[in-house]
$ cat query19.txt   # compact mmCIF, C-alpha atoms
# COMPACT_ATOMS: atom_id res chain seq x y z
CA MET A 15 92.92 111.81 79.27
CA LEU A 16 89.35 110.59 78.92
CA GLN A 17 86.40 112.58 80.17
CA LEU A 18 83.44 110.27 80.67
CA THR A 19 80.21 110.04 82.63
CA PHE A 20 78.65 106.66 83.32
CA THR A 21 74.92 106.48 83.92
CA GLY A 22 72.45 103.70 84.65
CA ALA A 23 74.91 101.31 86.32
CA GLU A 24 75.03 100.18 89.91
CA VAL A 25 78.13 101.86 91.35
CA LEU A 26 79.83 100.54 94.49
CA ARG A 27 80.54 103.56 96.69
CA PRO A 28 82.01 103.44 100.21
CA ASP A 29 78.47 103.44 101.62
CA GLY A 30 77.14 100.75 99.28
CA LEU A 31 75.61 100.37 95.83
CA SER A 32 73.83 103.27 94.17
CA THR A 33 72.74 104.22 90.66
CA SER A 34 74.18 107.73 90.83
CA VAL A 35 76.32 108.91 87.92
CA LEU A 36 80.05 108.29 88.00
CA SER A 37 82.30 110.75 86.18
CA LEU A 38 86.00 110.78 85.47
CA SER A 39 88.31 113.42 84.09
CA ASP A 40 92.10 113.72 83.84
CA GLY A 41 92.57 110.35 85.49
CA GLN A 42 90.43 111.07 88.56
CA ILE A 43 86.89 110.55 89.78
CA VAL A 44 85.10 113.91 89.69
CA GLU A 45 81.78 115.44 90.71
CA GLY A 46 78.95 116.15 88.29
CA GLN A 47 78.73 115.26 84.62
CA VAL A 48 81.63 115.69 82.24
CA GLY A 49 82.51 114.69 78.70
CA ARG A 50 80.79 111.90 76.87
CA VAL A 51 77.89 110.12 78.57
CA ILE A 52 77.84 106.31 78.41
CA ASP A 53 74.73 104.39 79.41
CA LEU A 54 75.73 101.30 81.39
CA SER A 55 72.26 100.17 82.40
CA GLY A 56 72.35 96.62 83.71
CA MET A 57 76.07 96.83 84.45
CA ARG A 58 77.95 97.20 87.72
CA VAL A 59 80.93 99.50 88.37
CA LEU A 60 83.39 98.56 91.12
CA PRO A 61 86.71 99.98 92.34
CA GLY A 62 89.74 98.64 90.50
CA ILE A 63 91.45 95.66 92.11
CA VAL A 64 94.63 96.33 94.08
CA ASP A 65 96.65 93.10 94.11
CA MET A 66 99.36 93.38 96.75
CA HIS A 67 101.06 90.05 96.11
CA GLY A 68 101.13 88.16 92.84
CA ASP A 69 103.75 86.06 91.08
CA GLY A 70 101.63 85.01 88.10
CA PHE A 71 103.79 87.30 85.97
CA GLU A 72 106.58 84.72 86.13
CA ARG A 73 105.05 82.57 83.39
CA HIS A 74 105.03 85.60 81.09
CA LEU A 75 108.69 86.42 81.76
CA ALA A 76 109.90 82.85 81.32
CA PRO A 77 107.45 80.72 79.31
CA ARG A 78 110.40 78.39 78.70
CA ARG A 79 113.94 78.52 79.99
CA GLY A 80 115.84 81.14 78.02
CA ALA A 81 112.89 81.95 75.73
CA MET A 82 112.33 85.52 76.91
CA LYS A 83 115.26 87.73 76.00
CA ASP A 84 113.36 91.02 76.35
CA LEU A 85 111.61 91.06 79.72
CA GLY A 86 109.67 94.14 78.61
CA GLN A 87 107.70 91.96 76.21
CA GLY A 88 106.90 89.62 79.07
CA LEU A 89 105.74 92.54 81.23
CA ALA A 90 103.43 93.67 78.41
CA SER A 91 101.89 90.21 78.29
CA ALA A 92 101.51 90.15 82.07
CA GLU A 93 99.89 93.59 82.06
CA ALA A 94 97.34 92.40 79.50
CA GLU A 95 96.38 89.52 81.79
CA LEU A 96 96.17 91.82 84.79
CA ALA A 97 93.85 94.22 82.96
CA ALA A 98 91.62 91.40 81.72
CA ASN A 99 91.13 90.43 85.36
CA GLY A 100 90.25 93.88 86.66
CA ILE A 101 93.58 94.56 88.35
CA THR A 102 94.54 98.22 88.19
CA THR A 103 97.40 98.16 90.72
CA ALA A 104 99.62 95.08 90.73
CA VAL A 105 102.43 94.37 93.16
CA LEU A 106 104.75 91.97 91.35
CA ALA A 107 106.28 89.68 93.96
CA GLN A 108 109.83 88.92 92.82
CA PHE A 109 112.07 86.52 94.72
CA TRP A 110 115.64 87.20 95.84
CA SER A 111 116.41 83.66 96.82
CA TRP A 112 119.08 81.00 97.15
CA GLU A 113 116.87 78.89 94.86
CA GLY A 114 118.45 80.56 91.84
CA GLY A 115 117.06 80.78 88.32
CA MET A 116 114.08 83.12 88.11
CA ARG A 117 114.22 83.37 91.90
CA GLY A 118 117.87 84.28 92.15
CA ARG A 119 119.61 87.61 92.64
CA ASP A 120 120.70 88.00 89.01
CA PHE A 121 117.20 87.56 87.66
CA ALA A 122 115.80 89.91 90.32
CA LEU A 123 118.18 92.64 89.15
CA ARG A 124 117.29 91.99 85.53
CA PHE A 125 113.60 92.14 86.40
CA LEU A 126 113.94 95.39 88.35
CA ASN A 127 115.81 97.01 85.48
CA ALA A 128 113.16 95.91 82.97
CA LEU A 129 110.34 97.17 85.16
CA LYS A 130 112.09 100.52 85.62
CA GLY A 131 112.18 101.05 81.86
CA TYR A 132 108.78 99.58 81.05
CA GLN A 133 106.18 101.85 79.45
CA GLY A 134 102.80 100.24 80.01
CA THR A 135 99.21 100.93 79.06
CA GLY A 136 98.11 102.28 82.43
CA THR A 137 98.21 99.53 85.05
CA ASP A 138 100.26 100.64 88.04
CA LEU A 139 102.97 97.98 88.27
CA GLN A 140 104.79 98.02 91.59
CA VAL A 141 107.31 95.62 93.05
CA GLN A 142 107.72 93.54 96.15
CA LEU A 143 111.06 91.87 96.79
CA ARG A 144 110.83 88.56 98.63
CA PHE A 145 114.10 88.14 100.47
CA GLU A 146 115.27 84.74 101.72
CA TYR A 147 116.82 86.13 104.85
CA ALA A 148 119.13 83.19 105.48
CA MET A 149 121.35 84.62 102.72
CA LEU A 150 123.75 86.49 104.99
CA GLU A 151 126.23 87.24 102.21
CA ASP A 152 123.52 89.03 100.22
CA TYR A 153 122.42 91.55 102.85
CA ALA A 154 124.51 94.46 101.62
CA ALA A 155 123.63 93.94 97.96
CA PHE A 156 119.96 93.46 98.77
CA GLU A 157 119.73 96.60 100.89
CA ALA A 158 121.54 98.63 98.23
CA THR A 159 119.13 97.34 95.59
CA VAL A 160 116.08 98.28 97.64
CA ALA A 161 117.47 101.81 97.87
CA GLU A 162 118.54 102.06 94.23
CA TYR A 163 115.18 100.98 92.81
CA ALA A 164 113.07 102.58 95.57
CA VAL A 165 111.43 99.23 96.32
CA PRO A 166 108.38 100.08 98.46
CA TYR A 167 107.60 96.63 99.88
CA VAL A 168 109.88 93.88 101.19
CA VAL A 169 108.75 90.50 102.49
CA PHE A 170 111.00 88.15 104.45
CA ASN A 171 110.86 84.50 103.43
CA ASP A 172 112.35 81.28 104.72
CA HIS A 173 111.75 78.40 102.33
CA LEU A 174 114.58 76.20 103.56
CA PRO A 175 113.44 72.62 104.28
CA HIS A 176 114.70 72.77 107.86
CA LYS A 177 113.13 69.52 109.07
CA ALA A 178 114.80 67.43 106.39
CA LEU A 179 118.11 69.23 106.83
CA GLU A 180 118.04 68.72 110.60
CA ARG A 181 117.60 64.98 110.06
CA GLY A 182 120.43 64.90 107.55
CA LYS A 183 118.09 63.80 104.75
CA LYS A 184 117.87 64.98 101.19
CA PRO A 185 114.89 67.37 100.79
CA PRO A 186 112.13 66.39 98.37
CA ARG A 187 112.38 67.57 94.75
CA LEU A 188 116.09 68.29 95.25
CA THR A 189 117.17 67.41 91.72
CA GLY A 190 114.46 69.43 89.98
CA GLN A 191 115.11 72.51 92.14
CA ALA A 192 118.85 72.21 91.60
CA LEU A 193 118.45 72.12 87.83
CA LYS A 194 116.20 75.19 87.90
CA GLY A 195 118.89 76.99 89.84
CA GLY A 196 121.63 75.89 87.46
CA ARG A 197 123.41 73.71 90.03
CA SER A 198 124.16 70.08 90.56
CA PRO A 199 122.04 68.37 93.23
CA GLU A 200 125.14 68.00 95.38
CA ALA A 201 126.00 71.71 95.21
CA HIS A 202 122.38 72.69 95.85
CA LEU A 203 122.19 70.49 98.93
CA GLN A 204 125.48 71.85 100.24
CA LEU A 205 124.19 75.40 99.79
CA MET A 206 121.02 74.64 101.75
CA GLN A 207 122.95 72.94 104.53
CA GLY A 208 125.17 76.00 104.93
CA LEU A 209 122.23 78.38 105.03
CA HIS A 210 120.42 76.16 107.54
CA ALA A 211 123.44 76.17 109.84
CA ALA A 212 123.62 79.99 109.69
CA MET A 213 120.02 80.62 110.73
CA PRO A 214 120.88 81.81 114.29
CA GLN A 215 123.03 84.59 112.84
CA ALA A 216 120.35 85.33 110.24
CA GLU A 217 117.72 85.95 112.92
CA ASP A 218 119.87 88.71 114.39
CA ALA A 219 120.82 90.11 111.01
CA VAL A 220 117.26 90.31 109.71
CA ALA A 221 116.15 92.22 112.80
CA ASP A 222 118.77 94.88 112.07
CA LEU A 223 117.91 94.95 108.37
CA ALA A 224 114.21 95.34 109.11
CA LYS A 225 114.97 98.29 111.37
CA ARG A 226 116.99 100.04 108.67
CA LEU A 227 114.43 99.42 105.93
CA SER A 228 111.56 100.52 108.15
CA ALA A 229 113.39 103.78 108.87
CA ARG A 230 113.38 104.43 105.11
CA GLY A 231 109.61 103.93 104.94
CA VAL A 232 109.71 100.49 103.32
CA ILE A 233 106.62 98.40 104.06
CA LEU A 234 107.68 95.09 105.61
CA GLY A 235 105.97 91.73 105.69
CA SER A 236 106.55 88.16 106.79
CA HIS A 237 105.44 85.15 104.78
CA ASP A 238 103.65 81.97 105.85
CA ASP A 239 103.53 82.68 109.59
CA ALA A 240 102.76 79.43 111.37
CA THR A 241 102.82 80.31 115.08
CA ALA A 242 101.72 83.14 117.32
CA GLU A 243 105.25 83.38 118.68
CA GLY A 244 106.74 83.71 115.23
CA ARG A 245 104.32 86.47 114.26
CA ALA A 246 105.01 88.29 117.53
CA THR A 247 108.74 88.16 116.81
CA TRP A 248 108.24 89.75 113.40
CA GLN A 249 106.09 92.46 114.94
CA THR A 250 108.82 93.37 117.43
CA ARG A 251 111.08 93.85 114.39
CA GLY A 252 108.63 96.31 112.82
CA VAL A 253 107.40 93.80 110.24
CA SER A 254 103.72 94.72 110.24
CA VAL A 255 102.17 92.72 107.39
CA SER A 256 101.45 89.01 107.73
CA GLU A 257 101.20 87.37 104.32
CA PHE A 258 99.27 84.11 104.04
CA PRO A 259 99.35 82.99 107.70
CA GLU A 260 99.21 79.22 107.75
CA THR A 261 97.27 78.85 111.00
CA ARG A 262 94.46 80.57 112.86
CA VAL A 263 96.65 81.26 115.89
CA ALA A 264 99.17 83.09 113.70
CA ALA A 265 96.41 85.17 112.12
CA GLU A 266 94.92 85.98 115.52
CA ALA A 267 98.33 87.16 116.71
CA ALA A 268 98.78 89.53 113.77
CA GLU A 269 98.42 93.12 114.90
CA GLY A 270 99.16 94.69 111.53
CA GLY A 271 97.64 93.84 108.17
CA ILE A 272 96.73 90.30 107.16
CA VAL A 273 96.97 89.30 103.51
CA LEU A 274 95.16 86.13 102.53
CA GLY A 275 95.25 84.11 99.34
CA ALA A 276 92.33 84.60 96.99
CA PRO A 277 92.92 81.12 95.44
CA ASN A 278 92.36 79.67 98.92
CA VAL A 279 88.82 81.14 98.85
CA VAL A 280 88.13 80.05 95.28
CA ARG A 281 89.30 76.49 95.98
CA GLY A 282 87.27 76.28 99.17
CA GLY A 283 90.40 75.85 101.25
CA SER A 284 94.19 75.66 101.15
CA HIS A 285 95.84 73.23 98.72
CA SER A 286 98.45 72.48 101.40
CA GLY A 287 96.20 72.02 104.42
CA ASN A 288 96.58 75.51 105.88
CA VAL A 289 93.78 77.48 107.51
CA SER A 290 90.78 78.45 105.36
CA ALA A 291 90.92 82.08 104.22
CA ALA A 292 87.12 82.22 103.99
CA ASP A 293 86.79 81.04 107.60
CA LEU A 294 89.22 83.71 108.79
CA ILE A 295 87.34 86.42 106.90
CA ALA A 296 84.02 85.24 108.32
CA ASP A 297 85.53 85.75 111.77
CA GLY A 298 86.78 89.25 110.96
CA LEU A 299 90.41 88.30 110.28
CA GLY A 300 91.90 89.53 107.02
CA ASP A 301 92.50 92.92 105.42
CA ALA A 302 93.33 91.96 101.85
CA LEU A 303 92.98 89.14 99.34
CA ALA A 304 95.87 88.70 96.91
CA SER A 305 96.12 86.78 93.65
CA ASP A 306 99.17 84.83 94.89
CA TYR A 307 99.69 82.75 91.73
CA HIS A 308 96.38 83.22 89.82
CA TYR A 309 95.26 86.65 88.59
CA PRO A 310 91.54 85.81 88.12
CA ALA A 311 91.28 84.79 91.78
CA PRO A 312 90.75 88.21 93.50
CA ARG A 313 87.60 88.97 91.51
CA GLN A 314 86.34 85.41 91.85
CA ALA A 315 87.02 85.29 95.59
CA ALA A 316 85.39 88.65 96.28
CA LEU A 317 82.21 87.67 94.43
CA ILE A 318 82.10 84.33 96.27
CA LEU A 319 82.53 86.04 99.64
CA ALA A 320 79.91 88.65 98.75
CA GLU A 321 77.29 85.94 99.17
CA GLU A 322 78.33 85.57 102.81
CA VAL A 323 79.59 88.96 103.99
CA GLY A 324 78.06 91.34 101.44
CA LEU A 325 79.58 92.95 98.36
CA GLN A 326 80.78 96.07 100.14
CA ARG A 327 82.96 94.21 102.64
CA ALA A 328 84.02 91.51 100.20
CA TRP A 329 85.14 93.93 97.49
CA ALA A 330 87.01 96.06 100.03
CA LEU A 331 89.32 93.07 100.49
CA VAL A 332 90.55 93.53 96.91
CA SER A 333 90.40 97.33 96.71
CA SER A 334 90.43 99.71 99.67
CA GLY A 335 91.89 97.13 102.07
CA PRO A 336 95.10 96.39 100.18
CA ALA A 337 95.38 100.04 99.10
CA ALA A 338 95.45 101.06 102.77
CA LEU A 339 98.10 98.45 103.66
CA LEU A 340 100.26 99.73 100.82
CA GLY A 341 99.80 103.35 101.90
CA LEU A 342 98.06 104.20 98.61
CA GLN A 343 95.50 106.71 99.82
CA ASP A 344 94.65 107.86 96.30
CA ARG A 345 92.80 104.70 95.23
CA GLY A 346 90.59 101.84 96.34
CA GLU A 347 87.28 103.75 96.40
CA LEU A 348 85.05 105.42 93.83
CA THR A 349 84.94 108.86 95.39
CA PRO A 350 85.80 112.30 93.95
CA GLY A 351 89.52 113.01 94.03
CA LYS A 352 90.59 109.37 93.89
CA ARG A 353 92.30 107.80 90.89
CA ALA A 354 89.91 106.66 88.18
CA ASP A 355 90.65 102.98 88.78
CA LEU A 356 87.54 100.92 88.12
CA VAL A 357 86.13 97.67 86.81
CA ILE A 358 82.87 97.34 84.88
CA LEU A 359 81.06 94.02 85.12
CA ASP A 360 78.40 93.03 82.63
CA ALA A 361 75.03 91.58 83.59
CA ALA A 362 76.57 88.10 83.87
CA GLY A 363 79.33 89.31 86.23
CA ARG A 364 82.09 89.12 83.60
CA ILE A 365 84.69 91.86 83.31
CA GLY A 366 83.78 94.05 80.37
CA ALA A 367 86.13 96.96 81.03
CA THR A 368 89.04 97.95 83.22
CA LEU A 369 90.19 101.55 83.57
CA ALA A 370 93.42 102.41 85.37
CA GLY A 371 94.20 106.04 86.09
CA GLY A 372 91.45 106.99 83.66
CA ARG A 373 92.94 104.95 80.80
CA ILE A 374 91.15 101.98 79.25
CA THR A 375 93.35 98.93 79.75
CA TYR A 376 90.72 96.31 78.84
CA LEU A 377 87.44 96.50 76.91
CA SER A 378 85.29 93.64 75.68
CA GLY A 379 81.82 92.27 74.99
CA ALA A 380 78.60 94.04 75.94
CA VAL A 381 80.44 96.78 77.82
CA ALA A 382 82.52 97.52 74.72
CA GLU A 383 79.30 97.89 72.76
CA CYS A 384 78.11 100.50 75.28
CA PHE A 385 81.34 102.45 74.75
CA MET A 386 81.04 102.25 70.96
CA ARG A 387 77.47 103.48 70.71

$ encode --input "query19.txt" --output "structure tokens"
Amino acid sequence: MLQLTFTGAEVLRPDGLSTSVLSLSDGQIVEGQVGRVIDLSGMRVLPGIVDMHGDGFERHLAPRRGAMKDLGQGLASAEAELAANGITTAVLAQFWSWEGGMRGRDFALRFLNALKGYQGTGTDLQVQLRFEYAMLEDYAAFEATVAEYAVPYVVFNDHLPHKALERGKKPPRLTGQALKGGRSPEAHLQLMQGLHAAMPQAEDAVADLAKRLSARGVILGSHDDATAEGRATWQTRGVSVSEFPETRVAAEAAEGGIVLGAPNVVRGGSHSGNVSAADLIADGLGDALASDYHYPAPRQAALILAEEVGLQRAWALVSSGPAALLGLQDRGELTPGKRADLVILDAAGRIGATLAGGRITYLSGAVAECFMR
């Protein structure tokens, strides 16, 4: 493990920026000066980014249909992108969905097996399973899989196009979705109709499943909450995290953690007309910003928000905030005893280095020159 002491840089501590030295040894932040001294004058050192929901890895695992035979190679490519964007802990959000293809049960099992055997460069790759809870026939297999792979985080999804199905109409993009799932449009529609009809039973079943998973210590979340009543229902089931609430009333009703989309901040609003993440944060709503589908977004969003709410609060949304929601007390802050997870920005605000658990996972440009001197 590296033993390094950084001097000259602005370091973001829990109480704000300071130019005090930052030392790391054996994968942890330590007191005093140790090992080799690296002058980072003009640079800024921030806690490593904890991304608690991202599916950008999908394009690395399946650049084209059937192209990726060894998912480990895809994970290596995804880890490289994560490191280049300052992410030191990444929760890979994998679907278990009726949609099939990369979102189906078979691919989820293949993905979990690949992740279990993957030997990376240092980034802490964790998993979230996104369960389409209308799939009543999958409950036993899903629960057994969560136990077998020690999945720490489960989010309940419902992506069925209920309004179209209630009216007896074909949902939009039916043919394209059917082909991705390996079905005919007719079979895909029939599947959705059956799941839609079973939703009353699913509401009871998911409440029982949530209780069992919560008893095992699994963190539970709901996705795309739209109403205060819906969020309250999830909370009575022990589902504490609200991921990407679509409306202000849903966010205001959330009593547990609120995860917002970093791309929403970067874009200046939701691409689908949902509530503005920046507006919620300005009003004190929001505990974490997640990459969602774009790994550069957490850093970009935090630096944008820093202009409004200050760097300390803004960066906490991508470091200590998500770490706390995930129960990861050993990271998220640059204090002695914590994991040596950190990001070094150059004078222009670009990522020059990422260290995860004291290991260099990315190094480039002016910061690399400082290391090589």

$ residues_around --input "query19.txt" --residues "range 294-301 of chain A" --least-positions-apart "3" --cutoff "12 Å" --atoms "only C-alpha atoms" --output "MDAnalysis selection string"
chainID A and resid 66 255:276 278:279 283 288:291 304 315:316 319:324 327:340

$ write_last_selection --input "query19.txt" --atoms "C-alpha atoms" --output "compact mmCIF listing (two decimals), in the coordinates of the input"
# COMPACT_ATOMS: atom_id res chain seq x y z
CA MET A 66 99.36 93.38 96.75
CA VAL A 255 102.17 92.72 107.39
CA SER A 256 101.45 89.01 107.73
CA GLU A 257 101.20 87.37 104.32
CA PHE A 258 99.27 84.11 104.04
CA PRO A 259 99.35 82.99 107.70
CA GLU A 260 99.21 79.22 107.75
CA THR A 261 97.27 78.85 111.00
CA ARG A 262 94.46 80.57 112.86
CA VAL A 263 96.65 81.26 115.89
CA ALA A 264 99.17 83.09 113.70
CA ALA A 265 96.41 85.17 112.12
CA GLU A 266 94.92 85.98 115.52
CA ALA A 267 98.33 87.16 116.71
CA ALA A 268 98.78 89.53 113.77
CA GLU A 269 98.42 93.12 114.90
CA GLY A 270 99.16 94.69 111.53
CA GLY A 271 97.64 93.84 108.17
CA ILE A 272 96.73 90.30 107.16
CA VAL A 273 96.97 89.30 103.51
CA LEU A 274 95.16 86.13 102.53
CA GLY A 275 95.25 84.11 99.34
CA ALA A 276 92.33 84.60 96.99
CA ASN A 278 92.36 79.67 98.92
CA VAL A 279 88.82 81.14 98.85
CA GLY A 283 90.40 75.85 101.25
CA ASN A 288 96.58 75.51 105.88
CA VAL A 289 93.78 77.48 107.51
CA SER A 290 90.78 78.45 105.36
CA ALA A 291 90.92 82.08 104.22
CA ALA A 304 95.87 88.70 96.91
CA ALA A 315 87.02 85.29 95.59
CA ALA A 316 85.39 88.65 96.28
CA LEU A 319 82.53 86.04 99.64
CA ALA A 320 79.91 88.65 98.75
CA GLU A 321 77.29 85.94 99.17
CA GLU A 322 78.33 85.57 102.81
CA VAL A 323 79.59 88.96 103.99
CA GLY A 324 78.06 91.34 101.44
CA ARG A 327 82.96 94.21 102.64
CA ALA A 328 84.02 91.51 100.20
CA TRP A 329 85.14 93.93 97.49
CA ALA A 330 87.01 96.06 100.03
CA LEU A 331 89.32 93.07 100.49
CA VAL A 332 90.55 93.53 96.91
CA SER A 333 90.40 97.33 96.71
CA SER A 334 90.43 99.71 99.67
CA GLY A 335 91.89 97.13 102.07
CA PRO A 336 95.10 96.39 100.18
CA ALA A 337 95.38 100.04 99.10
CA ALA A 338 95.45 101.06 102.77
CA LEU A 339 98.10 98.45 103.66
CA LEU A 340 100.26 99.73 100.82

$ residues_near_point --input "query19.txt" --point "(107.9, 99.5, 102.8)" --cutoff "8 Å" --atoms "all atoms listed in the file" --output "mmCIF file with C-alpha atoms, keeping the file's coordinate frame"
data_model
loop_
_atom_site.group_PDB
_atom_site.id
_atom_site.type_symbol
_atom_site.label_atom_id
_atom_site.label_comp_id
_atom_site.auth_asym_id
_atom_site.auth_seq_id
_atom_site.Cartn_x
_atom_site.Cartn_y
_atom_site.Cartn_z
ATOM 1 C CA VAL A 165 111.430 99.230 96.320
ATOM 2 C CA PRO A 166 108.380 100.080 98.460
ATOM 3 C CA TYR A 167 107.600 96.630 99.880
ATOM 4 C CA VAL A 168 109.880 93.880 101.190
ATOM 5 C CA LEU A 227 114.430 99.420 105.930
ATOM 6 C CA SER A 228 111.560 100.520 108.150
ATOM 7 C CA ARG A 230 113.380 104.430 105.110
ATOM 8 C CA GLY A 231 109.610 103.930 104.940
ATOM 9 C CA VAL A 232 109.710 100.490 103.320
ATOM 10 C CA ILE A 233 106.620 98.400 104.060
ATOM 11 C CA LEU A 234 107.680 95.090 105.610
ATOM 12 C CA LEU A 340 100.260 99.730 100.820
#

$ atom_distance --input "query19.txt" --atom1 "CA of His285 in chain A" --atom2 "CA of Thr241 in chain A"
19.1 Å

$ atom_distance --input "query19.txt" --atom1 "CA of Leu139 in chain A" --atom2 "CA of Thr103 in chain A"
6.1 Å

$ residues_around --input "query19.txt" --residues "range 112-126 of chain A" --least-positions-apart "6" --cutoff "7 Å" --atoms "only C-alpha atoms" --output "list in words"
Lys194, Gly195 and Gly196 of chain A

$ write_last_selection --input "query19.txt" --atoms "C-alpha atoms" --output "compact mmCIF listing (two decimals), in the coordinates of the input"
# COMPACT_ATOMS: atom_id res chain seq x y z
CA LYS A 194 116.20 75.19 87.90
CA GLY A 195 118.89 76.99 89.84
CA GLY A 196 121.63 75.89 87.46

$ closest_residue --input "query19.txt" --among "A:Ile358, A:Val253, A:Met213, A:Met386" --to "His237 in chain A" --atoms "only C-alpha atoms"
A:Val253

$ atom_distance --input "query19.txt" --atom1 "CA of Gly134 in chain A" --atom2 "CA of Ala92 in chain A"
10.4 Å

$ residues_around --input "query19.txt" --residues "Glu24 in chain A" --least-positions-apart "3" --cutoff "7 Å" --atoms "all atoms listed in the file" --output "list in words"
Leu31, Ser32, Thr33, Met57, Arg58 and Val59 of chain A

$ closest_residue --input "query19.txt" --among "A:Gly341, A:Gly244, A:Gly372, A:Gly56" --to "Arg353 in chain A" --atoms "all atoms listed in the file"
A:Gly372

$ closest_residue --input "query19.txt" --among "A:Arg345, A:Lys83, A:Arg27, A:Arg251" --to "Ile63 in chain A" --atoms "only C-alpha atoms"
A:Arg345

$ residues_near_point --input "query19.txt" --point "(106.4, 90.1, 92.8)" --cutoff "9 Å" --atoms "only C-alpha atoms" --output "list in words"
Met66, His67, Gly68, Asp69, Gly70, Phe71, Glu72, Ala104, Val105, Leu106, Ala107, Gln108, Phe109, Gln140, Val141, Gln142, Leu143 and Arg144 of chain A

$ axis_aligned_box --input "query19.txt" --around "range 177-193 of chain A" --padding-each-side "6 Å" --output "lines of an AutoDock Vina configuration file"
center_x = 116.3
center_y = 68.2
center_z = 99.2
size_x = 20.3
size_y = 20.7
size_z = 34.8

$ residues_around --input "query19.txt" --residues "Arg181 in chain A" --least-positions-apart "4" --cutoff "12 Å" --atoms "only C-alpha atoms" --output "VMD selection string"
chain A and resid 175 to 177 185 207 210

$ residues_around --input "query19.txt" --residues "Val48 in chain A" --least-positions-apart "4" --cutoff "9 Å" --atoms "all atoms listed in the file" --output "PDB file with C-alpha atoms, in the frame of the given file"
ATOM      1  CA  GLN A  17      86.400 112.580  80.170  1.00  0.00           C
ATOM      2  CA  LEU A  18      83.440 110.270  80.670  1.00  0.00           C
ATOM      3  CA  THR A  19      80.210 110.040  82.630  1.00  0.00           C
ATOM      4  CA  SER A  37      82.300 110.750  86.180  1.00  0.00           C
ATOM      5  CA  LEU A  38      86.000 110.780  85.470  1.00  0.00           C
ATOM      6  CA  SER A  39      88.310 113.420  84.090  1.00  0.00           C
ATOM      7  CA  VAL A  44      85.100 113.910  89.690  1.00  0.00           C
TER       8      VAL A  44
END

$ closest_residue --input "query19.txt" --among "A:Asn99, A:Thr137, A:Ser254, A:Thr247" --to "Val357 in chain A" --atoms "all atoms listed in the file"
A:Asn99

$ build_atoms --input "query19.txt" --residues "range 43-47 of chain A" --atoms "all heavy atoms" --output "mmCIF file, in the frame of the given file"
data_model
loop_
_atom_site.group_PDB
_atom_site.id
_atom_site.type_symbol
_atom_site.label_atom_id
_atom_site.label_comp_id
_atom_site.auth_asym_id
_atom_site.auth_seq_id
_atom_site.Cartn_x
_atom_site.Cartn_y
_atom_site.Cartn_z
ATOM 1 N N ILE A 43 88.341 110.491 89.606
ATOM 2 C CA ILE A 43 86.890 110.550 89.780
ATOM 3 C C ILE A 43 86.528 111.984 90.122
ATOM 4 O O ILE A 43 87.187 112.626 90.956
ATOM 5 C CB ILE A 43 86.436 109.619 90.928
ATOM 6 C CG1 ILE A 43 86.941 108.190 90.710
ATOM 7 C CG2 ILE A 43 84.922 109.644 91.065
ATOM 8 C CD1 ILE A 43 86.386 107.495 89.514
ATOM 9 N N VAL A 44 85.487 112.511 89.466
ATOM 10 C CA VAL A 44 85.100 113.910 89.690
ATOM 11 C C VAL A 44 83.598 113.998 89.954
ATOM 12 O O VAL A 44 82.834 113.068 89.689
ATOM 13 C CB VAL A 44 85.469 114.795 88.469
ATOM 14 C CG1 VAL A 44 86.980 114.831 88.271
ATOM 15 C CG2 VAL A 44 84.772 114.309 87.208
ATOM 16 N N GLU A 45 83.195 115.153 90.463
ATOM 17 C CA GLU A 45 81.780 115.440 90.710
ATOM 18 C C GLU A 45 81.090 115.813 89.405
ATOM 19 O O GLU A 45 81.721 116.259 88.435
ATOM 20 C CB GLU A 45 81.648 116.614 91.691
ATOM 21 C CG GLU A 45 82.242 116.361 93.072
ATOM 22 C CD GLU A 45 81.264 115.694 94.015
ATOM 23 O OE1 GLU A 45 80.218 115.205 93.526
ATOM 24 O OE2 GLU A 45 81.544 115.656 95.217
ATOM 25 N N GLY A 46 79.746 115.662 89.400
ATOM 26 C CA GLY A 46 78.950 116.150 88.290
ATOM 27 C C GLY A 46 79.099 115.333 87.023
ATOM 28 O O GLY A 46 79.590 114.203 87.030
ATOM 29 N N GLN A 47 78.689 115.928 85.924
ATOM 30 C CA GLN A 47 78.730 115.260 84.620
ATOM 31 C C GLN A 47 79.750 115.943 83.733
ATOM 32 O O GLN A 47 79.778 117.165 83.615
ATOM 33 C CB GLN A 47 77.340 115.329 83.967
ATOM 34 C CG GLN A 47 77.260 114.648 82.612
ATOM 35 C CD GLN A 47 75.835 114.583 82.075
ATOM 36 O OE1 GLN A 47 74.896 114.223 82.777
ATOM 37 N NE2 GLN A 47 75.675 114.949 80.807
#
